[in-house]
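Some notes on the structure that comes next.
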Amino acid sequence: MEKLIHDARELFNVHLVGRQVLALSTYEKELMSWNQKFNLTAIRDVEGIRVKHFLDSFSCVLAWKANPPTRLIDVGTGAGFPGIPLKILYPSMQVTLVESVGKKAMFCQHIVELLKLDGVDVVNSRAETVGQDARHRENYDWAVARAVANLNVLSEYLLPLVKVGGTMLAQKGESGPAEAQAAEKAMKLLGGKLQQLIPLNLPGVAEDRYLVLVDKLHATPPKYPRHAGHPAKEPL
C-alpha cells in the first residue's frame, strides 16, 4: 500500500490516513475473493486494483479540487468505482451507486456494510429508470461514470441526474477528446455545456486518460432520459 499512498499524494494531492488505508485494503481483499466466484472486474491482481481502480477513482479529485461534492451519484459503478473509494476519501459525502447487474450491486452493498459506510445508497437499476425517478432526478451536485458508454449516450444517463449548477464527470480513455466534441449537441439538448477536459496519466498505464467535465446550465427536458435501452440504440 506504500506505493498507493505515495502516488495518491504525488498525483492528486490526496493524503490517505490510517483508517482509509485499512478500508481500501479490506475492499481489495473482498474484491479479489468475490472475483473468484463472480466476474466482477477484469482486473484481478493487487497492482492492477490499486492503480486502475483505486488511483483511477481518486483522479476525480482533479475535477473538483478543494470543493468536493455534497451529493454524488455514480452510474454503472460495477464493483463500486469510483464511488466507494471517493466515499472513503470523503466520509461526509452522500453517495448513490447505480448498477443494473444484480451481483455487482450485491457486492457494493456488501462492501458498504462491511466498511460501515454511512450515507451510501446502492440502487440496482438502469440509469434511464433512475433518471426519471423524482427521488434522483436533478438531485446531485455531481454525476460520475467510468467506462460506461460513449459520451453522447452517457450524457443522457448523467445530465438528467445533475441539478442546474452541478457538473457531470466522465472518466474516459484516449477517445475522450473526440467523443466530447461529437457529443456537444447532445449535451446542449440535455441542458449541459462542455466545460473542460483534464488529461491525466496513471503510473504504468500507457493509455492517456481524460476527465470530461460538463456543466449543467439548464433543466433537462422531461422526455430525457428515454426508456431503457433507447439512448444506446439511438444516440442523440
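Chain labels A, B, ... are given in the sequence in which chains occur in the C-alpha cells; within each chain residues are numbered consecutively from 1, and ligands are likewise numbered from 1 in the order shown.
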Quick one: everything within 10 Å of stretch 56-64 of chain A, counting only C-alpha atoms, minus sequence neighbours fewer than 2 positions away in the same chain. Send it as number ranges by chain.
-> A: 8, 11-14, 49-54, 66-69, 80-86, 89, 142, 144, 146, 167, 169-171, 196-202, 209-213
Go through stretch 66-180 of chain A and collect every residue that DSSP, computed from the backbone, puts in strand (DSSP E or B); the answer should be as a ChimeraX atom specification.
-> /A:71-75,94-98,120-123,140-146,162-172
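If you measure from each of A:Gly176, A:Leu55, A:Gln94, A:Val75 to A:His6 using only C-alpha atoms, the closest one turns out to be A:Leu55.
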All helix (DSSP H, G or I) residues (DSSP, backbone) inside stretch 11-212 of chain A, as a PyMOL selection string | chain A and resi 11-12+18-37+46-58+61-64+83-89+102-114+127-131+151-161+176-182+184-189
Tell me which protein, DNA and RNA residues are within 12 Å of A:Ala182, counting only C-alpha atoms, leaving out same-chain ones fewer than 3 positions away, and put them as a ChimeraX atom specification.
-> /A:150-153,155,175-179,185-188,194,235-236
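Between atom CA of A:Glu138 and atom CA of A:Glu156 the separation is 12.5 Å.
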For A:Glu2, which residue among A:Gly204, A:Gly18, A:Gly173, A:Pro231 is the nearest when counting only C-alpha atoms?
-> A:Gly18
Counting only C-alpha atoms, the option among A:Lys37, A:Lys87, A:Lys103, A:Lys3 closest to A:Leu115 | A:Lys87
Tell me, as a PyMOL selection string, which residues lie within 8 Å of A:Leu190, counting only C-alpha atoms; anything in the same chain fewer than 4 positions away does not count.
-> chain A and resi 155-156+159-160+186+218-221+224
A:Asn39, A:Ala23, A:Leu97, A:Tyr157 ranked by distance to A:Gly131, top pick (using only C-alpha atoms) = A:Tyr157
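Candidate residues A:Ile43, A:Val130, A:Ala105, A:Val95 were compared for distance to A:Arg226, and the nearest is A:Val130, using only C-alpha atoms.
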Any idea what's packed within 8 Å of stretch 109-113 of chain A, counting only C-alpha atoms, ignoring anything in its chain fewer than 4 positions away? Could you give it as a VMD selection string?
-> chain A and resid 27 30 84 105 117 to 118 120 122
Write to file, as a tab-separated table (two decimals), in the first residue's frame, the residues of the selection just made, with N, CA and C atoms.
```
chain	number	residue	atom	x	y	z
A	27	TYR	N	-11.30	-3.67	1.23
A	27	TYR	CA	-12.03	-3.61	-0.05
A	27	TYR	C	-11.30	-4.47	-1.09
A	30	GLU	N	-11.66	-8.24	-0.37
A	30	GLU	CA	-13.02	-8.71	-0.69
A	30	GLU	C	-13.22	-8.81	-2.20
A	84	ILE	N	-17.12	4.21	-4.30
A	84	ILE	CA	-16.73	3.76	-2.94
A	84	ILE	C	-15.37	4.34	-2.52
A	105	ALA	N	-24.22	-5.10	-7.84
A	105	ALA	CA	-24.91	-4.28	-6.84
A	105	ALA	C	-24.82	-4.94	-5.46
A	117	LEU	N	-20.07	2.18	5.90
A	117	LEU	CA	-20.10	3.48	5.22
A	117	LEU	C	-21.51	4.06	5.33
A	118	ASP	N	-21.66	5.15	6.08
A	118	ASP	CA	-22.97	5.80	6.22
A	118	ASP	C	-23.24	6.69	5.01
A	120	VAL	N	-24.56	5.96	2.05
A	120	VAL	CA	-24.37	5.38	0.71
A	120	VAL	C	-25.60	4.55	0.36
A	122	VAL	N	-27.23	1.99	-2.51
A	122	VAL	CA	-26.95	1.17	-3.70
A	122	VAL	C	-28.28	0.93	-4.41
```
Using only C-alpha atoms, determine which residues lie at most 9 Å from A:Ser100, disregarding the query and same-chain residues fewer than 6 positions distant; provide the list as a list of chain:residue names.
-> A:Gly76, A:Gly78, A:Val123, A:Asn124, A:Ser125, A:Arg126, A:Ala127
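With atom CA of A:Gln132 on one side and atom CA of A:Ile88 on the other, the separation reads 28.5 Å.
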